[in-house]
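Remarks on the structure that follows.
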Amino acid sequence: MAIRQLLLNLVVLVVCAVGLVNPLIGLYGYVWYSLMRPDALAWAEGMYPHSVTIAIITLLGVWRYVPNYIHWLRNPFVLLLLLLQVPILLSNFMAPYPQLAWDPYLRFTRILLMCLMIPLFIQKMIDFHRLMLLMVGCLMFVGFKYGLFGLRMGGIRIDVGYGGFMSDNNTLAMALVMALPMAWYARGIVEQQWAKTVLLAGCFFSIVAIVMSHSRAAALTLGLVYLVIAARSKYKLVTLAVIVMLSFPALYLVQDSFKKRMRTLENPEEEGSAASRIEYAKAAVRMWKDYPVFGVGFGTHNWVRISGIYLGHANMRRHVVHNNYLQMLVDSGTPALLILCAQIFGGIWWLGKSARRMTKLFPGEGKENYPIMLQMSLIAFAFCSVFASRTEYDFYYYLIMCCGCWWIVEKNELLPAAAERAAHASAGAAGTEQAPRPMPSPVGTWQPAPAMVGPARTLRDADPEVTGPIPKGWRRPFTSSRLAKKES
């Protein structure tokens with residue numbers, strides 16, 4: 001066993017041991033393993049069932065989060081993801097070749113199950129903050145790895161992926177272009193200057209990796225991300241100039257091959273060009289007309305099997321539709337597409353409203369960066385997935401469940417805190433704050449009475465509640481006979 005594999009096994013063992021004590025750490029460990037893919041770093045991809053082991057260890061502690069099920073079951077993002085499984089399951093039963101649909105779906109259920117644990121385990125602001133930094137850190141590490149390698153080689157074309165859901169250059173570039181705006185706005189949720197610098201460096205190396213991947217969909221999405229970031233900035237032209245300058249080193253090193261790759265968008269003779277994508281899209285629409293409600297089965301395999309009938313020629317290269325919306329439509333039918341669009345575009349709309357609320361309720365505290373991070377990443381996915389089929393993309397489902405986490409955190413923690421802060425502010429402005437009430441004295445303990453106007457004739461007059469012997473230091477009370485004698 002190599003040293004890298006030994007270290008990997010040791011780290012996973014520690015994560016599992018700590019996950020038995022604290023399942024939240026197990027969930028963090030699963031997300032870390034899925035996004036950073038340490039098995040690929042250790043040259044041990046597929047050799048050990050680490051991901052499954054961490055998942056099982058984490059699920060053993062689900063019972064500790066039973067009280068959180070109330071908010072979990074009311075979460076709209078959780079409900080949409082659960083509702084999406086209904087048309088997908090029906091499409092598997094009604095598929096022309098059911099055995100081709102069940103295998104990918106059973107693999108997908110493990111991802112689905114762990115994704116659903118995210119809003120169940122994470123319902124506090126501090127836990128959500130750590131999750132966001134973990135996700136950004138893992139993907140920025142991948143961007144740093146590929147970007148630094150490309151610069152050291154003087155410019156290369158990245159044709160291979162990394163591992164897991166980033167198994168080829170297109171999925172790798174898509175993950176990085178989705179993570180890029182998250183890292184950009186994550187600089188607003190960290191206080192240390194070194195952390196802000198590291199995140200900015202991660203953005204730079206991720207841009208290098210995206211450009212050198214020569215992914216046309218990622219390149220177009222990168223341009224959209226630039227424009228949206230600049231539009232949201234206070235200093236629009238300066239921000240746009242800065243992020244465009246971050247692209248110059250990579251574009252300069254691979255300018256010839258990059259330009260050649262981008263020209264294929266206009267060349268109908270080039271394999272995989274825009275013309276061939278349109279051909280697959282038209283075939284998908286024709287297939288959907290024959291299977292409008294249930295589709296042909298989840299996982300693209302049924303589409304590949306019967307697409308030759310609608311293409312007019314055999315699908316020898318086993319190409320998918322290259323459009324995530326049409327792929328979901330043809331695989332699982334119209335209801336599945338509607339739910340998917342509700343997840344993506346409904347999430348983008350709601351996160352925008354949440355960001356405006358946070359800016360208004362917590363001015364200057366940077367809490368609006370959390371929904372903006374998620375919104376920008378969903379915008380990148382929504383645009384990039386027009387050119388790629390990603391119905392099983394892990395990172396997308398992590399984002400959707402992170403939106404569910406933010407929905408819970410905002411509703412249960414941030415909005416009540418803002419309401420309490422507003423109540424205190426209005427009370428202070430109106431001058432209606434009450435003086436603190438004195439604490440009651442312990443039972444059986446005598447306390448001197450407050451000062452009275454005029455002398456008290458007796459101890460009982462000074463404090464009628466005092467009973468028992470007269471405390472030392474008080475005068476003997478006047479009786480009526482002594483008082484009459486003194487007055488005479």
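By order in the structure tokens, chains are A, B, ...; within a chain, residues start at 1; ligands start at 1, following the order shown.
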
DSSP on the backbone: what in region 128-307 of chain A comes out alpha helix (DSSP H), as a CSV table (one decimal) with N, CA and C atoms, in the first residue's frame?
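So selection_28.csv came out as:
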```csv
chain,number,residue,atom,x,y,z
A,128,PHE,N,-24.1,26.3,9.1
A,128,PHE,CA,-24.2,26.7,7.7
A,128,PHE,C,-23.0,27.4,7.2
A,129,HIS,N,-22.5,28.3,8.0
A,129,HIS,CA,-21.3,29.1,7.7
A,129,HIS,C,-20.1,28.1,7.4
A,130,ARG,N,-20.0,27.1,8.3
A,130,ARG,CA,-18.9,26.2,8.1
A,130,ARG,C,-19.1,25.3,6.8
A,131,LEU,N,-20.3,24.9,6.6
A,131,LEU,CA,-20.6,24.2,5.4
A,131,LEU,C,-20.2,24.9,4.1
A,132,MET,N,-20.6,26.2,4.0
A,132,MET,CA,-20.3,27.0,2.9
A,132,MET,C,-18.8,27.1,2.6
A,133,LEU,N,-18.1,27.4,3.7
A,133,LEU,CA,-16.7,27.5,3.6
A,133,LEU,C,-16.0,26.2,3.2
A,134,LEU,N,-16.6,25.1,3.7
A,134,LEU,CA,-16.0,23.8,3.3
A,134,LEU,C,-16.2,23.5,1.8
A,135,MET,N,-17.4,23.8,1.3
A,135,MET,CA,-17.7,23.5,-0.1
A,135,MET,C,-16.8,24.4,-1.0
A,136,VAL,N,-16.7,25.7,-0.6
A,136,VAL,CA,-15.9,26.6,-1.4
A,136,VAL,C,-14.4,26.2,-1.3
A,137,GLY,N,-13.9,25.8,-0.1
A,137,GLY,CA,-12.5,25.4,0.0
A,137,GLY,C,-12.2,24.2,-0.8
A,138,CYS,N,-13.1,23.2,-0.8
A,138,CYS,CA,-12.8,22.0,-1.5
A,138,CYS,C,-12.7,22.2,-3.0
A,139,LEU,N,-13.6,23.0,-3.6
A,139,LEU,CA,-13.6,23.2,-5.0
A,139,LEU,C,-12.5,24.2,-5.4
A,140,MET,N,-12.2,25.1,-4.5
A,140,MET,CA,-11.0,26.0,-4.8
A,140,MET,C,-9.7,25.3,-4.8
A,141,PHE,N,-9.6,24.2,-4.0
A,141,PHE,CA,-8.4,23.4,-4.0
A,141,PHE,C,-8.3,22.7,-5.3
A,142,VAL,N,-9.4,22.2,-5.9
A,142,VAL,CA,-9.4,21.6,-7.2
A,142,VAL,C,-9.0,22.6,-8.3
A,143,GLY,N,-9.5,23.8,-8.2
A,143,GLY,CA,-9.2,24.8,-9.2
A,143,GLY,C,-7.7,25.2,-9.1
A,144,PHE,N,-7.2,25.3,-7.8
A,144,PHE,CA,-5.8,25.6,-7.6
A,144,PHE,C,-4.9,24.5,-8.2
A,145,LYS,N,-5.3,23.3,-8.0
A,145,LYS,CA,-4.5,22.1,-8.5
A,145,LYS,C,-4.4,22.2,-10.0
A,146,TYR,N,-5.5,22.3,-10.7
A,146,TYR,CA,-5.4,22.3,-12.2
A,146,TYR,C,-4.9,23.6,-12.7
A,147,GLY,N,-5.2,24.7,-12.1
A,147,GLY,CA,-4.8,26.0,-12.6
A,147,GLY,C,-3.3,26.2,-12.4
A,148,LEU,N,-2.7,25.8,-11.3
A,148,LEU,CA,-1.3,25.8,-11.1
A,148,LEU,C,-0.5,24.9,-12.1
A,149,PHE,N,-1.1,23.7,-12.3
A,149,PHE,CA,-0.4,22.8,-13.2
A,149,PHE,C,-0.4,23.4,-14.6
A,150,GLY,N,-1.5,24.0,-15.0
A,150,GLY,CA,-1.6,24.6,-16.4
A,150,GLY,C,-0.6,25.7,-16.5
A,151,LEU,N,-0.4,26.6,-15.5
A,151,LEU,CA,0.6,27.6,-15.6
A,151,LEU,C,2.0,27.1,-15.6
A,152,ARG,N,2.2,26.1,-14.8
A,152,ARG,CA,3.6,25.5,-14.8
A,152,ARG,C,4.0,24.9,-16.1
A,169,ASN,N,-13.5,16.8,-18.6
A,169,ASN,CA,-13.1,18.2,-18.6
A,169,ASN,C,-14.3,19.1,-18.6
A,170,ASN,N,-15.4,18.7,-19.2
A,170,ASN,CA,-16.6,19.5,-19.2
A,170,ASN,C,-17.3,19.6,-17.8
A,171,THR,N,-17.4,18.5,-17.1
A,171,THR,CA,-18.0,18.5,-15.8
A,171,THR,C,-17.1,19.2,-14.8
A,172,LEU,N,-15.7,19.0,-15.0
A,172,LEU,CA,-14.8,19.7,-14.1
A,172,LEU,C,-14.9,21.2,-14.3
A,173,ALA,N,-15.0,21.7,-15.5
A,173,ALA,CA,-15.1,23.1,-15.7
A,173,ALA,C,-16.5,23.6,-15.2
A,174,MET,N,-17.5,22.8,-15.3
A,174,MET,CA,-18.8,23.3,-14.8
A,174,MET,C,-18.8,23.4,-13.3
A,175,ALA,N,-18.2,22.5,-12.6
A,175,ALA,CA,-18.1,22.6,-11.2
A,175,ALA,C,-17.3,23.9,-10.8
A,176,LEU,N,-16.2,24.2,-11.5
A,176,LEU,CA,-15.4,25.3,-11.1
A,176,LEU,C,-16.1,26.7,-11.4
A,177,VAL,N,-16.9,26.7,-12.6
A,177,VAL,CA,-17.6,27.9,-12.9
A,177,VAL,C,-18.7,28.2,-12.0
A,178,MET,N,-19.3,27.1,-11.4
A,178,MET,CA,-20.3,27.3,-10.4
A,178,MET,C,-19.7,27.7,-9.0
A,179,ALA,N,-18.5,27.2,-8.7
A,179,ALA,CA,-17.9,27.5,-7.5
A,179,ALA,C,-17.2,28.9,-7.5
A,180,LEU,N,-16.9,29.4,-8.7
A,180,LEU,CA,-16.2,30.7,-8.8
A,180,LEU,C,-16.9,31.8,-8.1
A,181,PRO,N,-18.2,32.1,-8.4
A,181,PRO,CA,-18.9,33.2,-7.7
A,181,PRO,C,-19.1,32.9,-6.2
A,182,MET,N,-19.2,31.7,-5.8
A,182,MET,CA,-19.2,31.4,-4.4
A,182,MET,C,-18.0,31.8,-3.7
A,183,ALA,N,-16.8,31.6,-4.3
A,183,ALA,CA,-15.6,32.0,-3.7
A,183,ALA,C,-15.4,33.5,-3.7
A,184,TRP,N,-15.9,34.1,-4.8
A,184,TRP,CA,-15.8,35.6,-4.9
A,184,TRP,C,-16.6,36.3,-3.8
A,185,TYR,N,-17.8,35.8,-3.5
A,185,TYR,CA,-18.6,36.4,-2.5
A,185,TYR,C,-18.3,35.9,-1.1
A,186,ALA,N,-17.6,34.8,-1.0
A,186,ALA,CA,-17.2,34.2,0.3
A,186,ALA,C,-16.2,35.2,1.0
A,193,GLN,N,-7.8,38.7,6.7
A,193,GLN,CA,-7.3,39.2,5.5
A,193,GLN,C,-6.6,38.1,4.7
A,194,TRP,N,-5.9,37.2,5.4
A,194,TRP,CA,-5.3,36.1,4.6
A,194,TRP,C,-6.3,35.2,4.0
A,195,ALA,N,-7.5,35.0,4.6
A,195,ALA,CA,-8.5,34.2,4.1
A,195,ALA,C,-9.1,34.8,2.8
A,196,LYS,N,-9.3,36.2,2.8
A,196,LYS,CA,-9.7,36.9,1.6
A,196,LYS,C,-8.7,36.7,0.5
A,197,THR,N,-7.4,36.8,0.8
A,197,THR,CA,-6.4,36.6,-0.2
A,197,THR,C,-6.4,35.2,-0.8
A,198,VAL,N,-6.6,34.2,0.0
A,198,VAL,CA,-6.6,32.8,-0.4
A,198,VAL,C,-7.8,32.6,-1.4
A,199,LEU,N,-8.9,33.2,-1.0
A,199,LEU,CA,-10.1,33.0,-1.8
A,199,LEU,C,-9.9,33.7,-3.2
A,200,LEU,N,-9.3,34.9,-3.2
A,200,LEU,CA,-9.1,35.6,-4.4
A,200,LEU,C,-8.1,34.8,-5.3
A,201,ALA,N,-7.1,34.2,-4.7
A,201,ALA,CA,-6.1,33.4,-5.4
A,201,ALA,C,-6.9,32.1,-6.0
A,202,GLY,N,-7.8,31.6,-5.2
A,202,GLY,CA,-8.5,30.4,-5.7
A,202,GLY,C,-9.4,30.8,-6.9
A,203,CYS,N,-9.9,32.0,-6.9
A,203,CYS,CA,-10.7,32.5,-8.1
A,203,CYS,C,-9.8,32.5,-9.3
A,204,PHE,N,-8.6,33.1,-9.1
A,204,PHE,CA,-7.6,33.2,-10.2
A,204,PHE,C,-7.3,31.8,-10.8
A,205,PHE,N,-6.9,30.9,-10.0
A,205,PHE,CA,-6.5,29.6,-10.5
A,205,PHE,C,-7.7,28.8,-11.1
A,206,SER,N,-8.9,29.0,-10.5
A,206,SER,CA,-10.0,28.4,-11.1
A,206,SER,C,-10.3,28.9,-12.5
A,207,ILE,N,-10.2,30.2,-12.7
A,207,ILE,CA,-10.4,30.8,-14.0
A,207,ILE,C,-9.4,30.2,-15.0
A,208,VAL,N,-8.1,30.0,-14.6
A,208,VAL,CA,-7.1,29.4,-15.4
A,208,VAL,C,-7.5,28.0,-15.8
A,209,ALA,N,-8.0,27.2,-14.8
A,209,ALA,CA,-8.4,25.8,-15.1
A,209,ALA,C,-9.7,25.8,-16.1
A,210,ILE,N,-10.6,26.7,-15.9
A,210,ILE,CA,-11.8,26.8,-16.8
A,210,ILE,C,-11.4,27.1,-18.2
A,211,VAL,N,-10.5,28.1,-18.4
A,211,VAL,CA,-10.1,28.4,-19.7
A,211,VAL,C,-9.3,27.3,-20.4
A,212,MET,N,-8.4,26.6,-19.6
A,212,MET,CA,-7.6,25.6,-20.2
A,212,MET,C,-8.4,24.3,-20.4
A,216,ARG,N,-16.6,24.8,-24.0
A,216,ARG,CA,-17.4,25.9,-24.6
A,216,ARG,C,-18.5,26.4,-23.7
A,217,ALA,N,-19.2,25.4,-23.1
A,217,ALA,CA,-20.3,25.8,-22.2
A,217,ALA,C,-19.8,26.6,-21.0
A,218,ALA,N,-18.7,26.1,-20.4
A,218,ALA,CA,-18.1,26.8,-19.2
A,218,ALA,C,-17.6,28.2,-19.6
A,219,ALA,N,-17.0,28.3,-20.8
A,219,ALA,CA,-16.5,29.6,-21.3
A,219,ALA,C,-17.6,30.6,-21.4
A,220,LEU,N,-18.7,30.2,-22.0
A,220,LEU,CA,-19.9,31.1,-22.1
A,220,LEU,C,-20.5,31.4,-20.7
A,221,THR,N,-20.5,30.4,-19.9
A,221,THR,CA,-21.0,30.7,-18.5
A,221,THR,C,-20.1,31.6,-17.7
A,222,LEU,N,-18.8,31.5,-18.0
A,222,LEU,CA,-17.9,32.3,-17.3
A,222,LEU,C,-18.1,33.8,-17.7
A,223,GLY,N,-18.4,34.1,-18.9
A,223,GLY,CA,-18.7,35.4,-19.4
A,223,GLY,C,-19.9,35.9,-18.7
A,224,LEU,N,-21.0,35.1,-18.6
A,224,LEU,CA,-22.2,35.5,-17.9
A,224,LEU,C,-21.9,35.8,-16.4
A,225,VAL,N,-21.1,35.0,-15.7
A,225,VAL,CA,-20.8,35.2,-14.3
A,225,VAL,C,-20.1,36.5,-14.2
A,226,TYR,N,-19.2,36.8,-15.1
A,226,TYR,CA,-18.5,38.1,-15.0
A,226,TYR,C,-19.5,39.3,-15.1
A,227,LEU,N,-20.4,39.2,-16.0
A,227,LEU,CA,-21.3,40.3,-16.2
A,227,LEU,C,-22.2,40.5,-14.9
A,228,VAL,N,-22.7,39.4,-14.4
A,228,VAL,CA,-23.6,39.5,-13.2
A,228,VAL,C,-22.9,40.0,-12.0
A,229,ILE,N,-21.6,39.5,-11.8
A,229,ILE,CA,-20.8,40.0,-10.7
A,229,ILE,C,-20.6,41.5,-10.8
A,230,ALA,N,-20.3,41.9,-12.0
A,230,ALA,CA,-20.0,43.4,-12.2
A,230,ALA,C,-21.3,44.2,-12.0
A,231,ALA,N,-22.5,43.6,-12.5
A,231,ALA,CA,-23.7,44.3,-12.3
A,231,ALA,C,-24.1,44.5,-10.9
A,232,ARG,N,-23.8,43.5,-10.1
A,232,ARG,CA,-24.1,43.6,-8.6
A,232,ARG,C,-23.2,44.5,-7.8
A,236,LYS,N,-18.9,49.0,-10.8
A,236,LYS,CA,-19.2,48.0,-11.9
A,236,LYS,C,-18.0,47.9,-12.8
A,237,LEU,N,-17.5,49.0,-13.4
A,237,LEU,CA,-16.5,49.0,-14.4
A,237,LEU,C,-15.2,48.5,-13.7
A,238,VAL,N,-14.9,48.9,-12.5
A,238,VAL,CA,-13.6,48.5,-11.9
A,238,VAL,C,-13.7,47.0,-11.6
A,239,THR,N,-14.8,46.5,-11.1
A,239,THR,CA,-15.0,45.1,-10.8
A,239,THR,C,-14.8,44.3,-12.1
A,240,LEU,N,-15.5,44.7,-13.1
A,240,LEU,CA,-15.4,44.0,-14.4
A,240,LEU,C,-14.0,43.9,-14.9
A,241,ALA,N,-13.3,45.1,-14.8
A,241,ALA,CA,-11.9,45.1,-15.2
A,241,ALA,C,-11.0,44.1,-14.4
A,242,VAL,N,-11.2,44.1,-13.1
A,242,VAL,CA,-10.4,43.2,-12.3
A,242,VAL,C,-10.6,41.7,-12.6
A,243,ILE,N,-11.9,41.3,-12.7
A,243,ILE,CA,-12.1,39.9,-13.0
A,243,ILE,C,-11.7,39.5,-14.4
A,244,VAL,N,-11.8,40.4,-15.4
A,244,VAL,CA,-11.4,40.1,-16.7
A,244,VAL,C,-9.8,40.0,-16.8
A,245,MET,N,-9.1,40.8,-16.0
A,245,MET,CA,-7.7,40.8,-15.9
A,245,MET,C,-7.2,39.4,-15.4
A,248,PHE,N,-6.6,37.0,-18.2
A,248,PHE,CA,-5.5,37.3,-19.2
A,248,PHE,C,-4.4,36.2,-19.3
A,249,PRO,N,-3.8,35.8,-18.1
A,249,PRO,CA,-2.7,34.9,-18.2
A,249,PRO,C,-3.1,33.6,-18.9
A,250,ALA,N,-4.2,33.0,-18.6
A,250,ALA,CA,-4.6,31.7,-19.2
A,250,ALA,C,-4.9,31.9,-20.7
A,251,LEU,N,-5.7,33.0,-21.0
A,251,LEU,CA,-6.0,33.3,-22.4
A,251,LEU,C,-4.8,33.5,-23.3
A,252,TYR,N,-3.8,34.2,-22.7
A,252,TYR,CA,-2.6,34.4,-23.4
A,252,TYR,C,-1.8,33.1,-23.7
A,253,LEU,N,-1.8,32.2,-22.8
A,253,LEU,CA,-1.0,31.0,-22.9
A,253,LEU,C,-1.7,30.0,-23.9
A,255,GLN,N,-4.2,30.9,-26.3
A,255,GLN,CA,-5.0,31.7,-27.2
A,255,GLN,C,-5.3,31.0,-28.5
A,256,ASP,N,-4.4,30.3,-29.1
A,256,ASP,CA,-4.6,29.7,-30.4
A,256,ASP,C,-5.6,28.5,-30.3
A,257,SER,N,-5.3,27.6,-29.4
A,257,SER,CA,-6.2,26.4,-29.2
A,257,SER,C,-7.6,26.8,-28.7
A,258,PHE,N,-7.6,27.9,-27.8
A,258,PHE,CA,-8.9,28.3,-27.3
A,258,PHE,C,-9.8,28.9,-28.4
A,259,LYS,N,-9.2,29.8,-29.2
A,259,LYS,CA,-9.9,30.4,-30.3
A,259,LYS,C,-10.4,29.3,-31.2
A,260,LYS,N,-9.6,28.4,-31.5
A,260,LYS,CA,-10.0,27.3,-32.4
A,260,LYS,C,-11.2,26.5,-31.9
A,261,ARG,N,-11.2,26.3,-30.6
A,261,ARG,CA,-12.3,25.5,-29.9
A,261,ARG,C,-13.5,26.4,-29.9
A,262,MET,N,-13.5,27.6,-29.7
A,262,MET,CA,-14.6,28.5,-29.7
A,262,MET,C,-15.3,28.7,-31.0
A,263,ARG,N,-14.4,28.6,-32.1
A,263,ARG,CA,-15.0,28.7,-33.4
A,263,ARG,C,-15.9,27.5,-33.8
A,274,ALA,N,-22.5,23.4,-32.5
A,274,ALA,CA,-23.9,23.8,-32.2
A,274,ALA,C,-24.9,23.1,-33.1
A,275,ALA,N,-24.5,22.9,-34.4
A,275,ALA,CA,-25.5,22.2,-35.3
A,275,ALA,C,-25.8,20.8,-34.9
A,276,SER,N,-24.9,20.0,-34.4
A,276,SER,CA,-25.2,18.7,-33.9
A,276,SER,C,-25.9,18.7,-32.6
A,277,ARG,N,-25.7,19.7,-31.8
A,277,ARG,CA,-26.5,19.9,-30.5
A,277,ARG,C,-27.9,20.1,-30.9
A,278,ILE,N,-28.2,20.9,-31.9
A,278,ILE,CA,-29.6,21.2,-32.3
A,278,ILE,C,-30.2,19.9,-32.8
A,279,GLU,N,-29.4,19.1,-33.5
A,279,GLU,CA,-30.0,17.9,-34.0
A,279,GLU,C,-30.4,17.0,-32.9
A,280,TYR,N,-29.6,16.9,-31.8
A,280,TYR,CA,-30.0,16.0,-30.7
A,280,TYR,C,-31.2,16.6,-30.0
A,281,ALA,N,-31.3,17.9,-29.9
A,281,ALA,CA,-32.4,18.6,-29.2
A,281,ALA,C,-33.7,18.3,-30.0
A,282,LYS,N,-33.7,18.4,-31.3
A,282,LYS,CA,-34.9,18.1,-32.1
A,282,LYS,C,-35.3,16.6,-31.9
A,283,ALA,N,-34.3,15.7,-31.9
A,283,ALA,CA,-34.6,14.3,-31.7
A,283,ALA,C,-35.3,14.1,-30.3
A,284,ALA,N,-34.8,14.8,-29.3
A,284,ALA,CA,-35.3,14.7,-27.9
A,284,ALA,C,-36.8,15.1,-27.9
A,285,VAL,N,-37.1,16.2,-28.6
A,285,VAL,CA,-38.4,16.7,-28.6
A,285,VAL,C,-39.4,15.7,-29.3
A,286,ARG,N,-38.9,15.1,-30.4
A,286,ARG,CA,-39.7,14.1,-31.1
A,286,ARG,C,-39.9,12.9,-30.2
A,287,MET,N,-38.9,12.5,-29.4
A,287,MET,CA,-39.1,11.4,-28.5
A,287,MET,C,-40.0,11.7,-27.4
A,288,TRP,N,-40.0,12.9,-26.9
A,288,TRP,CA,-40.8,13.4,-25.8
A,288,TRP,C,-42.3,13.3,-26.3
A,289,LYS,N,-42.6,13.7,-27.5
A,289,LYS,CA,-43.9,13.6,-28.0
A,289,LYS,C,-44.5,12.2,-28.0
A,290,ASP,N,-43.7,11.2,-28.1
A,290,ASP,CA,-44.1,9.8,-28.0
A,290,ASP,C,-44.3,9.4,-26.5
A,301,HIS,N,-29.7,6.3,-20.3
A,301,HIS,CA,-29.4,5.1,-21.0
A,301,HIS,C,-30.5,4.7,-22.0
A,302,ASN,N,-31.7,4.8,-21.6
A,302,ASN,CA,-32.8,4.5,-22.5
A,302,ASN,C,-32.8,5.5,-23.7
A,303,TRP,N,-32.5,6.8,-23.5
A,303,TRP,CA,-32.4,7.7,-24.6
A,303,TRP,C,-31.3,7.3,-25.6
A,304,VAL,N,-30.2,6.9,-25.1
A,304,VAL,CA,-29.1,6.5,-26.0
A,304,VAL,C,-29.5,5.2,-26.8
A,305,ARG,N,-30.2,4.3,-26.1
A,305,ARG,CA,-30.6,3.1,-26.7
A,305,ARG,C,-31.6,3.3,-27.9
A,306,ILE,N,-32.5,4.2,-27.8
A,306,ILE,CA,-33.5,4.3,-28.8
A,306,ILE,C,-33.4,5.6,-29.6
A,307,SER,N,-32.4,6.4,-29.3
A,307,SER,CA,-32.3,7.7,-30.0
A,307,SER,C,-32.0,7.6,-31.5
```

Compile the contact shell of region 91-108 of chain A as a PDB file with N, CA and C atoms, in the first residue's frame: residues with an atom at most 8 Å away, counting only C-alpha atoms, same-chain residues fewer than 5 positions apart removed.
```
ATOM      1  N   PHE A 294     -44.393  10.193 -18.847  1.00  0.00           N
ATOM      2  CA  PHE A 294     -43.448   9.414 -18.040  1.00  0.00           C
ATOM      3  C   PHE A 294     -42.026   9.413 -18.590  1.00  0.00           C
ATOM      4  N   GLY A 295     -41.835   9.823 -19.835  1.00  0.00           N
ATOM      5  CA  GLY A 295     -40.499   9.785 -20.403  1.00  0.00           C
ATOM      6  C   GLY A 295     -40.061   8.364 -20.715  1.00  0.00           C
ATOM      7  N   VAL A 296     -38.773   8.207 -20.980  1.00  0.00           N
ATOM      8  CA  VAL A 296     -38.248   6.892 -21.375  1.00  0.00           C
ATOM      9  C   VAL A 296     -37.399   6.255 -20.279  1.00  0.00           C
ATOM     10  N   GLY A 297     -37.283   6.921 -19.117  1.00  0.00           N
ATOM     11  CA  GLY A 297     -36.522   6.324 -18.033  1.00  0.00           C
ATOM     12  C   GLY A 297     -35.338   7.168 -17.615  1.00  0.00           C
ATOM     13  N   PHE A 298     -35.115   7.235 -16.298  1.00  0.00           N
ATOM     14  CA  PHE A 298     -34.058   8.079 -15.730  1.00  0.00           C
ATOM     15  C   PHE A 298     -32.676   7.532 -16.085  1.00  0.00           C
ATOM     16  N   GLY A 299     -31.716   8.444 -16.269  1.00  0.00           N
ATOM     17  CA  GLY A 299     -30.320   8.036 -16.395  1.00  0.00           C
ATOM     18  C   GLY A 299     -29.729   8.059 -17.777  1.00  0.00           C
ATOM     19  N   THR A 300     -30.427   8.544 -18.790  1.00  0.00           N
ATOM     20  CA  THR A 300     -29.946   8.739 -20.174  1.00  0.00           C
ATOM     21  C   THR A 300     -29.723   7.447 -20.956  1.00  0.00           C
ATOM     22  N   HIS A 301     -29.690   6.290 -20.312  1.00  0.00           N
ATOM     23  CA  HIS A 301     -29.360   5.058 -21.041  1.00  0.00           C
ATOM     24  C   HIS A 301     -30.468   4.660 -22.011  1.00  0.00           C
ATOM     25  N   ASN A 302     -31.706   4.837 -21.624  1.00  0.00           N
ATOM     26  CA  ASN A 302     -32.797   4.536 -22.541  1.00  0.00           C
ATOM     27  C   ASN A 302     -32.801   5.497 -23.727  1.00  0.00           C
ATOM     28  N   ASP A 331     -36.264  12.011 -20.360  1.00  0.00           N
ATOM     29  CA  ASP A 331     -36.021  10.885 -19.449  1.00  0.00           C
ATOM     30  C   ASP A 331     -37.200  10.622 -18.525  1.00  0.00           C
ATOM     31  N   SER A 332     -37.729  11.687 -17.896  1.00  0.00           N
ATOM     32  CA  SER A 332     -38.731  11.494 -16.840  1.00  0.00           C
ATOM     33  C   SER A 332     -40.035  12.225 -17.079  1.00  0.00           C
ATOM     34  N   GLY A 333     -40.209  12.876 -18.215  1.00  0.00           N
ATOM     35  CA  GLY A 333     -41.488  13.438 -18.565  1.00  0.00           C
ATOM     36  C   GLY A 333     -41.676  14.890 -18.158  1.00  0.00           C
ATOM     37  N   GLU A 392     -27.809  13.981 -12.976  1.00  0.00           N
ATOM     38  CA  GLU A 392     -27.288  13.301 -11.788  1.00  0.00           C
ATOM     39  C   GLU A 392     -26.125  14.067 -11.163  1.00  0.00           C
TER      40      GLU A 392
END
```

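The spacing separating CA of Glu365 (chain A) from CA of Ala427 (chain A) amounts to 22.6 Å.
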
Neighbour list for Tyr370 (chain A) as a PyMOL selection string, cut-off 8 Å, only C-alpha atoms, skip fewer than 3 positions in-chain: chain A and resi 185-186+189+355+367+373-374

Those selected residues, please, written with C-alpha atoms and delivered as a short mmCIF file (atom, residue, chain, number, x, y, z; two decimals), in the first residue's frame.
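Wrote it out as again.cif, contents follow:
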```cif
data_model
loop_
_atom_site.label_atom_id
_atom_site.label_comp_id
_atom_site.auth_asym_id
_atom_site.auth_seq_id
_atom_site.Cartn_x
_atom_site.Cartn_y
_atom_site.Cartn_z
CA TYR A 185 -18.62 36.43 -2.46
CA ALA A 186 -17.20 34.23 0.29
CA ILE A 189 -18.18 36.22 5.10
CA ALA A 355 -30.39 38.85 -0.14
CA LYS A 367 -25.13 38.33 5.72
CA MET A 373 -23.34 32.88 -3.18
CA LEU A 374 -26.05 30.28 -3.68
#
```

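When only C-alpha atoms are used to compute distances to Tyr162 (chain A), the closest of the residues A:Leu79, A:Ala42, A:Val190, A:Cys384 turns out to be A:Ala42.
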
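Distance annotation: of A:Val66, A:Val21, A:Ile344, A:Leu338, the residue with the minimal separation from Met117 (chain A) is A:Val66; atom set is only C-alpha atoms.
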
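You can rank A:Ile309, A:Leu337, A:Leu326, A:Ile348 by their closest distance to Val386 (chain A) using only C-alpha atoms, and at the top of that list sits A:Leu326.
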
query: Hey, what's within 12 Å of His50 (chain A) if we count only C-alpha atoms and toss same-chain stuff fewer than 4 positions away? As a PyMOL selection string, please?
result: chain A and resi 5+8-16+26+29-30+32-34+37-39+44-46+54-57

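Between CA of Glu413 (chain A) and CA of Gly366 (chain A) there is a distance of 15.8 Å.
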
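Distances here use only C-alpha atoms; by that measure, the residue among A:Trp406, A:Pro416, A:Thr53, A:Phe387 closest to Leu265 (chain A) is A:Phe387.
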
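Of the listed residues A:Leu60, A:Phe77, A:Leu7, A:Gly155, the one whose atoms come nearest to Leu27 (chain A) is A:Leu60, with distances taken using only C-alpha atoms.
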
- prompt: Out of A:Leu311, A:Leu90, A:Val78, A:Ala388, which residue has the shortest atom-to-atom distance to Ile118 (chain A) when counting only C-alpha atoms?
  reply: A:Val78
